[in-house]
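Presented below is the structure to which this report refers.
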Amino acid sequence: MSNVLFQNDTRQPRRFGWGLTRAMSLSLTAFAAVVLVGMLVLFAMESAPVLKHEGVNYVVGKTWFFRSETFGVLPMIYGTAVVAGIALLLAAPIGIGAAVFTAEIVPPRVRMPVKLAIELLAGIPSVVYGLLGILLLRNYVYDGLRAAGFDPLSGDTLLTAGLLLAVMILPTIMTLSDDALRSVPSMSRHAARGLGLTHGQAILAVSLPQARKGLIAAILLAFGRALGEAIAVFLVVGRQDNQLPGSLFSLEPLISSGQTLTSKLGGAEVNIAYGDPLHWAAVVGLGLLLLIAVTVVTLVAAWLQREAAHA
Amino acid sequence: MYPMFRATLIVSCLLALAGCRKEAGSTTKPAAGSALKINGSTTVNLVAAEAAEILRAEKGMNIQIDTQGGSAGGISAIGDGLVQIGMISKHLTDDDKKKHPKTNFKTIQIGEDAVALIVSKDVWDGGVKSLTKQQAKDIYQGKVTNWKQVGGPDQRIAFFNKEPGRGTWEVFAHWVYGSPKKAPSVSFPEVGGNEETRNKVASTKGALSQLSSSWADQKTVFALSLIGDDGSTVEATEASIASGKYPMSRPLSLITNGEPTGDAKVFVDFVLSERGQALLPKHGYLKMSQLKH
């Protein structure tokens, strides 16, 4: 399709440059794909012993006691889902709201500083977020929960990790949503205003629905980031194994500590596992699950973004 | 002149070869560049990092020091040849050696430290000053969950367990259960390094954890006395640790693969020298000459 653009272009150097860029991006993409598939295969091979040992119980088992060779990952999958879920629940409305503000409301002169300020949040190393989490957030959460009538054992809870992650994924949601909203043609907005809609109504009736796929993709990509974030979560999640609440809709996770796939992988257990084939396989299996989850989420997001671009 | 020149040439070639051979045969292979890499226990790190600072300044040595994974991290880093010196704050066990059969572990003890059971201020002020071995066991196994049950305030016990693989945890498990292997599987919130442990205990009500006794400052976190099976109370003081009376003490060691050579030897020798040993009391540990057992 892109070649059509240059069909009548006789300037050789430019055409050559275009071809080179194409070839390079193609080969680099292919390389990335090979690396990803290679990683999946390697991880699958390394984790084979535990899958043989535990079978499907590896994924649905509720207890992880490495000393008795029991490896059930469900509480960690649960922890990961809850932490990422809390983060999305908080960051998605704020991020999209901010994007509506920058893309639809403020003049371009104000837009860039606001956007830059939020994007700066993405540049802060996650270990710094983690330290801030230990210094401030876990104490606020502890005091806040107690004031609200809960009785948390400490400030290390799934809620704390979720709150911290919400701040960390905010720039991702905001920037991508901003792009999605700005790719809605102004023609649609003008038409809406011409029909007598107010600015606010135009945003609700035209811009947001048209950018819907892009917005969902933004949320999904942020979700992928939330799944994979390790250090900040590690420092405030409490790292307690085998934590499953009584029911799926229990408020317990908000006040109790837990373990995520990444916090387990970030811990000292990896060093102990090394050298014990079964334990090592169980640890690598966590990486495999994480990789699969992030890959699926990213692929769905990428597909949605493509759809959005073609719409 | 000519034969002499040839002889010198041959000798220098032989010397060079010998040098190469020694390099290649050296069991502590440098991982990258010429940096001396050290990894392991955060407890030993306090001393080692300061020794490294001195050697960097005085001898211009290139030393990289890290505390990935604590003692277990130090052992596996040595086992994998990633570092030349490991730092451990526990006894090297047969299990550790079995995991790395190709490694010729050499342990160089540089001092001794004690593990204390530490509590937050509210617990200390509430009157809990000591725990018996049985009480520690009951808390660890979840039979005792409130400080009221051990003579303290009516407050839930927030127990932060040191993550498995930490030297601190192994010393604790050794005291309570006789061996880390006999410790039951439990699920508690886990803490890693000493700094993190102290911060979390200090900022949580009803908190209890295991911590290197030198980090227990008696201001933000407080070390409990231990009551052994014979009923005698032992405080975590320097005297009781030196005499071997305090039950949760542990050696602080550097480990190498084979005899230390080159920069690694310089480092080990410095830590064992008078100036190096003086760094241990500075951080609340006992130096080799203080040990009476």
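If you're wondering about the labels, chains in the structure tokens are A, B, ... by order shown, residues count from 1 in each chain, ligands from 1 in order shown.
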
**Message:** I need the helix (DSSP H, G or I) residues of region 70-273 of chain A per DSSP on the backbone, written as number ranges by chain.
**Reply:** A: 74-105, 108-123, 126-147, 158-182, 186-194, 199-210, 212-228, 231-236, 252-255, 261-266, 269-273

**Message:** Could you work out which residues of chain B fall inside 6 Å of chain A? Count only C-alpha atoms, and format the result as a VMD selection string.
**Reply:** chain B and resid 69 72 to 73 99 158 187 to 190 204

**Item:** strand (DSSP E) call set, DSSP backbone run, region 7-180 of chain A, as number ranges by chain
**Value:** A: 64-65, 70-71

**Message:** Using only C-alpha atoms, can you tell me which of A:Gln201, A:Ala48, A:Ala211, A:Ala33 comes closest to Pro185 (chain A)?
**Reply:** A:Ala211

**Long-range neighbours of Leu291 (chain B) as a ChimeraX atom specification, 10 Å cut-off, only C-alpha atoms, 4 positions minimum in chain** = /B:111-112,239,241-244,286-287

**Prompt:** Between A:Val127, A:Gly224, A:Leu244, A:Glu104, which one has atoms that come closest to Ile203 (chain A), using only C-alpha atoms?
**Reply:** A:Glu104

Could you pull the residues within 12 Å of Arg56 (chain B), counting only C-alpha atoms, minus those fewer than 5 positions along the same chain, as a PDB file with N, CA, C and O atoms, in the first residue's frame?
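Output file part-v2.pdb is given in full below:
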```pdb
ATOM      1  N   ALA B  35      37.046  -6.266  37.224  1.00  0.00           N
ATOM      2  CA  ALA B  35      36.429  -5.868  38.485  1.00  0.00           C
ATOM      3  C   ALA B  35      36.330  -7.054  39.436  1.00  0.00           C
ATOM      4  O   ALA B  35      36.071  -8.171  39.021  1.00  0.00           O
ATOM      5  N   LEU B  36      36.573  -6.778  40.707  1.00  0.00           N
ATOM      6  CA  LEU B  36      36.373  -7.790  41.736  1.00  0.00           C
ATOM      7  C   LEU B  36      34.890  -7.739  42.110  1.00  0.00           C
ATOM      8  O   LEU B  36      34.394  -6.731  42.572  1.00  0.00           O
ATOM      9  N   ALA B  48      31.867  -5.324  54.390  1.00  0.00           N
ATOM     10  CA  ALA B  48      32.551  -5.502  53.110  1.00  0.00           C
ATOM     11  C   ALA B  48      32.518  -4.231  52.271  1.00  0.00           C
ATOM     12  O   ALA B  48      33.509  -3.871  51.631  1.00  0.00           O
ATOM     13  N   ALA B  49      31.372  -3.541  52.291  1.00  0.00           N
ATOM     14  CA  ALA B  49      31.258  -2.326  51.485  1.00  0.00           C
ATOM     15  C   ALA B  49      32.253  -1.272  51.964  1.00  0.00           C
ATOM     16  O   ALA B  49      32.845  -0.545  51.165  1.00  0.00           O
ATOM     17  N   GLU B  50      32.440  -1.210  53.275  1.00  0.00           N
ATOM     18  CA  GLU B  50      33.372  -0.225  53.807  1.00  0.00           C
ATOM     19  C   GLU B  50      34.816  -0.616  53.488  1.00  0.00           C
ATOM     20  O   GLU B  50      35.634   0.233  53.144  1.00  0.00           O
ATOM     21  N   ALA B  51      35.103  -1.900  53.583  1.00  0.00           N
ATOM     22  CA  ALA B  51      36.431  -2.381  53.204  1.00  0.00           C
ATOM     23  C   ALA B  51      36.702  -2.072  51.736  1.00  0.00           C
ATOM     24  O   ALA B  51      37.790  -1.632  51.359  1.00  0.00           O
ATOM     25  N   MET B  61      41.515  -0.167  43.531  1.00  0.00           N
ATOM     26  CA  MET B  61      40.911  -1.409  43.069  1.00  0.00           C
ATOM     27  C   MET B  61      39.495  -1.164  42.558  1.00  0.00           C
ATOM     28  O   MET B  61      38.781  -0.300  43.047  1.00  0.00           O
ATOM     29  N   ASN B  62      39.121  -1.942  41.542  1.00  0.00           N
ATOM     30  CA  ASN B  62      37.790  -1.853  40.967  1.00  0.00           C
ATOM     31  C   ASN B  62      36.920  -2.950  41.590  1.00  0.00           C
ATOM     32  O   ASN B  62      37.050  -4.119  41.261  1.00  0.00           O
ATOM     33  N   ILE B  63      36.061  -2.571  42.529  1.00  0.00           N
ATOM     34  CA  ILE B  63      35.274  -3.562  43.258  1.00  0.00           C
ATOM     35  C   ILE B  63      33.788  -3.278  43.078  1.00  0.00           C
ATOM     36  O   ILE B  63      33.332  -2.148  43.269  1.00  0.00           O
ATOM     37  N   GLN B  64      33.041  -4.315  42.653  1.00  0.00           N
ATOM     38  CA  GLN B  64      31.588  -4.186  42.552  1.00  0.00           C
ATOM     39  C   GLN B  64      30.962  -5.056  43.625  1.00  0.00           C
ATOM     40  O   GLN B  64      31.220  -6.248  43.693  1.00  0.00           O
ATOM     41  N   ILE B  65      30.118  -4.442  44.441  1.00  0.00           N
ATOM     42  CA  ILE B  65      29.575  -5.179  45.572  1.00  0.00           C
ATOM     43  C   ILE B  65      28.053  -5.089  45.556  1.00  0.00           C
ATOM     44  O   ILE B  65      27.492  -4.039  45.261  1.00  0.00           O
ATOM     45  N   ASP B 263      43.016 -10.136  43.281  1.00  0.00           N
ATOM     46  CA  ASP B 263      42.281  -9.103  43.998  1.00  0.00           C
ATOM     47  C   ASP B 263      41.458  -9.692  45.141  1.00  0.00           C
ATOM     48  O   ASP B 263      41.324  -9.070  46.193  1.00  0.00           O
ATOM     49  N   VAL B 266      43.657 -10.080  48.073  1.00  0.00           N
ATOM     50  CA  VAL B 266      43.938  -8.769  48.672  1.00  0.00           C
ATOM     51  C   VAL B 266      42.772  -8.356  49.565  1.00  0.00           C
ATOM     52  O   VAL B 266      42.949  -7.894  50.701  1.00  0.00           O
ATOM     53  N   PHE B 267      41.548  -8.562  49.045  1.00  0.00           N
ATOM     54  CA  PHE B 267      40.350  -8.162  49.779  1.00  0.00           C
ATOM     55  C   PHE B 267      40.199  -8.962  51.075  1.00  0.00           C
ATOM     56  O   PHE B 267      40.001  -8.404  52.158  1.00  0.00           O
TER      57      PHE B 267
END
```

**Message:** Which residues are near Leu215 (chain A)? Cut-off 12 Å, only C-alpha atoms, ignore same chain within fewer than 5 positions. Put them as number ranges by chain.
**Reply:** A: 92-93, 95-97, 99-100, 172-184, 207-210, 220-222, 301-302, 304-305, 307-309

**CA of Lys37 (chain B) to CA of Gly287 (chain A), distance in Å rounded to a single decimal** =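 Pair CA of Lys37 (chain B) / CA of Gly287 (chain A) returns 27.3 Å.
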
**Prompt:** So which one's closest to Val271 (chain B), B:Asp138, B:Glu53, B:Asp113, B:Asp154? Using only C-alpha atoms, please.
**Reply:**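 Checking each of B:Asp138, B:Glu53, B:Asp113, B:Asp154 against Val271 (chain B), counting only C-alpha atoms, the winner is B:Glu53.
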
Near region 143-150 of chain B, within 12 Å and counting only C-alpha atoms, which residues show up once chain neighbours fewer than 6 positions away are dropped, as a short mmCIF file (atom, residue, chain, number, x, y, z; two decimals) with N, CA, C and O atoms, in the first residue's frame?
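Final file, selection.cif:
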```cif
data_model
loop_
_atom_site.label_atom_id
_atom_site.label_comp_id
_atom_site.auth_asym_id
_atom_site.auth_seq_id
_atom_site.Cartn_x
_atom_site.Cartn_y
_atom_site.Cartn_z
N LEU A 153 -3.37 -5.93 59.27
CA LEU A 153 -2.19 -6.27 60.07
C LEU A 153 -1.06 -5.28 59.83
O LEU A 153 -0.32 -4.93 60.72
N VAL B 119 10.79 -6.29 68.12
CA VAL B 119 9.38 -5.89 68.15
C VAL B 119 9.27 -4.38 67.98
O VAL B 119 10.26 -3.65 68.15
N SER B 120 8.07 -3.93 67.64
CA SER B 120 7.83 -2.50 67.50
C SER B 120 7.65 -1.85 68.88
O SER B 120 7.49 -2.54 69.88
N ASP B 122 5.26 -0.21 70.39
CA ASP B 122 4.05 -0.42 71.18
C ASP B 122 4.10 -1.75 71.93
O ASP B 122 3.60 -1.86 73.04
N VAL B 123 4.72 -2.75 71.31
CA VAL B 123 4.82 -4.05 71.96
C VAL B 123 5.80 -3.99 73.13
O VAL B 123 5.53 -4.48 74.23
N TRP B 124 6.94 -3.35 72.88
CA TRP B 124 7.97 -3.20 73.93
C TRP B 124 7.41 -2.42 75.12
O TRP B 124 7.52 -2.84 76.27
N ASP B 125 6.75 -1.29 74.80
CA ASP B 125 6.17 -0.48 75.87
C ASP B 125 5.03 -1.21 76.56
O ASP B 125 4.72 -0.94 77.72
N GLY B 126 4.40 -2.13 75.83
CA GLY B 126 3.31 -2.90 76.41
C GLY B 126 3.78 -3.99 77.36
O GLY B 126 2.97 -4.72 77.92
N GLY B 127 5.09 -4.13 77.49
CA GLY B 127 5.62 -5.03 78.50
C GLY B 127 6.22 -6.33 77.99
O GLY B 127 6.63 -7.17 78.78
N VAL B 128 6.29 -6.52 76.69
CA VAL B 128 6.93 -7.74 76.19
C VAL B 128 8.43 -7.48 76.07
O VAL B 128 8.87 -6.69 75.24
N LYS B 129 9.22 -8.12 76.93
CA LYS B 129 10.67 -7.91 76.89
C LYS B 129 11.43 -9.19 76.54
O LYS B 129 12.62 -9.16 76.27
N SER B 130 10.74 -10.31 76.60
CA SER B 130 11.41 -11.57 76.28
C SER B 130 10.41 -12.58 75.75
O SER B 130 9.19 -12.44 75.94
N LEU B 131 10.91 -13.59 75.05
CA LEU B 131 10.08 -14.68 74.57
C LEU B 131 10.78 -16.00 74.87
O LEU B 131 12.02 -16.08 74.80
N THR B 132 10.00 -17.02 75.21
CA THR B 132 10.61 -18.34 75.36
C THR B 132 10.66 -19.00 73.99
O THR B 132 9.99 -18.56 73.05
N LYS B 133 11.45 -20.06 73.90
CA LYS B 133 11.55 -20.78 72.64
C LYS B 133 10.18 -21.31 72.22
O LYS B 133 9.80 -21.25 71.06
N GLN B 134 9.42 -21.80 73.22
CA GLN B 134 8.10 -22.35 72.93
C GLN B 134 7.16 -21.27 72.40
O GLN B 134 6.39 -21.49 71.47
N GLN B 135 7.26 -20.06 73.00
CA GLN B 135 6.40 -18.96 72.54
C GLN B 135 6.74 -18.58 71.10
O GLN B 135 5.85 -18.34 70.28
N ALA B 136 8.05 -18.54 70.81
CA ALA B 136 8.48 -18.21 69.45
C ALA B 136 7.93 -19.26 68.48
O ALA B 136 7.47 -18.94 67.38
N LYS B 137 7.97 -20.52 68.91
CA LYS B 137 7.48 -21.61 68.08
C LYS B 137 5.98 -21.47 67.85
O LYS B 137 5.49 -21.62 66.72
N ARG B 156 -2.98 -7.65 67.84
CA ARG B 156 -2.62 -8.78 66.98
C ARG B 156 -1.12 -8.77 66.67
O ARG B 156 -0.51 -7.69 66.56
N ILE B 157 -0.57 -9.94 66.54
CA ILE B 157 0.86 -10.02 66.21
C ILE B 157 1.03 -9.94 64.69
O ILE B 157 0.50 -10.76 63.95
N ALA B 158 1.73 -8.90 64.26
CA ALA B 158 2.04 -8.78 62.83
C ALA B 158 3.44 -9.34 62.62
O ALA B 158 4.43 -8.65 62.82
N PHE B 159 3.49 -10.60 62.28
CA PHE B 159 4.79 -11.27 62.15
C PHE B 159 5.33 -11.15 60.73
O PHE B 159 4.72 -11.60 59.78
N VAL B 186 5.02 -22.27 56.53
CA VAL B 186 4.07 -21.27 57.00
C VAL B 186 3.93 -20.17 55.95
O VAL B 186 4.78 -20.04 55.08
N PHE B 188 3.55 -16.19 55.94
CA PHE B 188 3.51 -14.89 56.58
C PHE B 188 3.97 -13.86 55.56
O PHE B 188 4.64 -14.21 54.59
N LYS B 205 2.11 -1.54 63.91
CA LYS B 205 1.73 -1.86 65.29
C LYS B 205 1.74 -3.37 65.51
O LYS B 205 1.29 -4.12 64.66
N GLY B 206 2.25 -3.78 66.66
CA GLY B 206 2.23 -5.20 67.00
C GLY B 206 3.20 -6.03 66.18
O GLY B 206 3.02 -7.24 66.04
N ALA B 207 4.23 -5.39 65.63
CA ALA B 207 5.11 -6.10 64.70
C ALA B 207 6.20 -6.90 65.41
O ALA B 207 6.67 -6.53 66.49
N LEU B 208 6.58 -8.01 64.77
CA LEU B 208 7.64 -8.89 65.26
C LEU B 208 8.39 -9.40 64.04
O LEU B 208 7.79 -9.71 63.01
#
```

**Asked** From the set A:Ala218, A:Leu165, A:Ala205, A:Met45, which residue has the shortest atom-to-atom contact distance to Trp303 (chain A), counting only C-alpha atoms?
**Response**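 That would be A:Ala218, the residue with the smallest distance to Trp303 (chain A).
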
**Exercise: Val83 (chain A) partners within 7 Å, only C-alpha atoms, chain neighbours under 2 positions left out, as a PyMOL selection string** = chain A and resi 79-81+85-87+158-159+161-162

For those residues, write all heavy atoms to a file as an mmCIF file, in the first residue's frame.
```
data_model
loop_
_atom_site.group_PDB
_atom_site.id
_atom_site.type_symbol
_atom_site.label_atom_id
_atom_site.label_comp_id
_atom_site.auth_asym_id
_atom_site.auth_seq_id
_atom_site.Cartn_x
_atom_site.Cartn_y
_atom_site.Cartn_z
ATOM 1 N N GLY A 79 -3.416 -12.766 43.057
ATOM 2 C CA GLY A 79 -2.787 -11.526 43.519
ATOM 3 C C GLY A 79 -2.468 -10.604 42.355
ATOM 4 O O GLY A 79 -2.735 -9.403 42.396
ATOM 5 N N THR A 80 -1.902 -11.184 41.287
ATOM 6 C CA THR A 80 -1.568 -10.395 40.107
ATOM 7 C C THR A 80 -2.810 -9.748 39.524
ATOM 8 O O THR A 80 -2.824 -8.551 39.208
ATOM 9 C CB THR A 80 -0.905 -11.294 39.043
ATOM 10 O OG1 THR A 80 0.233 -11.926 39.620
ATOM 11 C CG2 THR A 80 -0.481 -10.497 37.837
ATOM 12 N N ALA A 81 -3.884 -10.542 39.404
ATOM 13 C CA ALA A 81 -5.121 -10.032 38.809
ATOM 14 C C ALA A 81 -5.724 -8.920 39.670
ATOM 15 O O ALA A 81 -6.147 -7.887 39.139
ATOM 16 C CB ALA A 81 -6.126 -11.167 38.632
ATOM 17 N N GLY A 85 -5.985 -5.217 38.557
ATOM 18 C CA GLY A 85 -7.375 -4.781 38.451
ATOM 19 C C GLY A 85 -7.626 -3.479 39.195
ATOM 20 O O GLY A 85 -8.234 -2.553 38.658
ATOM 21 N N ILE A 86 -7.133 -3.424 40.434
ATOM 22 C CA ILE A 86 -7.284 -2.195 41.231
ATOM 23 C C ILE A 86 -6.632 -1.027 40.502
ATOM 24 O O ILE A 86 -7.205 0.065 40.390
ATOM 25 C CB ILE A 86 -6.651 -2.367 42.627
ATOM 26 C CG1 ILE A 86 -7.433 -3.389 43.454
ATOM 27 C CG2 ILE A 86 -6.598 -1.024 43.367
ATOM 28 C CD1 ILE A 86 -6.776 -3.750 44.778
ATOM 29 N N ALA A 87 -5.445 -1.287 39.970
ATOM 30 C CA ALA A 87 -4.709 -0.224 39.279
ATOM 31 C C ALA A 87 -5.506 0.298 38.093
ATOM 32 O O ALA A 87 -5.632 1.511 37.904
ATOM 33 C CB ALA A 87 -3.347 -0.746 38.822
ATOM 34 N N LEU A 158 -2.643 -5.792 49.109
ATOM 35 C CA LEU A 158 -2.846 -5.781 47.657
ATOM 36 C C LEU A 158 -3.333 -4.407 47.228
ATOM 37 O O LEU A 158 -2.992 -3.922 46.151
ATOM 38 C CB LEU A 158 -3.862 -6.852 47.266
ATOM 39 C CG LEU A 158 -3.407 -8.306 47.486
ATOM 40 C CD1 LEU A 158 -4.551 -9.267 47.187
ATOM 41 C CD2 LEU A 158 -2.215 -8.641 46.608
ATOM 42 N N LEU A 159 -4.117 -3.756 48.097
ATOM 43 C CA LEU A 159 -4.612 -2.410 47.792
ATOM 44 C C LEU A 159 -3.446 -1.431 47.619
ATOM 45 O O LEU A 159 -3.421 -0.634 46.674
ATOM 46 C CB LEU A 159 -5.544 -1.924 48.900
ATOM 47 C CG LEU A 159 -6.066 -0.493 48.781
ATOM 48 C CD1 LEU A 159 -6.962 -0.348 47.554
ATOM 49 C CD2 LEU A 159 -6.830 -0.070 50.029
ATOM 50 N N ALA A 161 -0.371 -2.044 46.753
ATOM 51 C CA ALA A 161 0.322 -2.311 45.492
ATOM 52 C C ALA A 161 -0.498 -1.801 44.317
ATOM 53 O O ALA A 161 0.052 -1.228 43.367
ATOM 54 C CB ALA A 161 0.590 -3.807 45.353
ATOM 55 N N GLY A 162 -1.831 -1.992 44.390
ATOM 56 C CA GLY A 162 -2.702 -1.530 43.309
ATOM 57 C C GLY A 162 -2.670 -0.018 43.157
ATOM 58 O O GLY A 162 -2.594 0.509 42.044
#
```

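CA of Val300 (chain A) sits 29.1 Å away from CA of Gly19 (chain A).
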
**Asked** Given the choices B:Gly193, B:Gly152, B:Gly165, B:Pro251, which gets closest to Lys90 (chain B) if the distance is worked out from only C-alpha atoms?
**Response**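 Closest candidate: B:Pro251.
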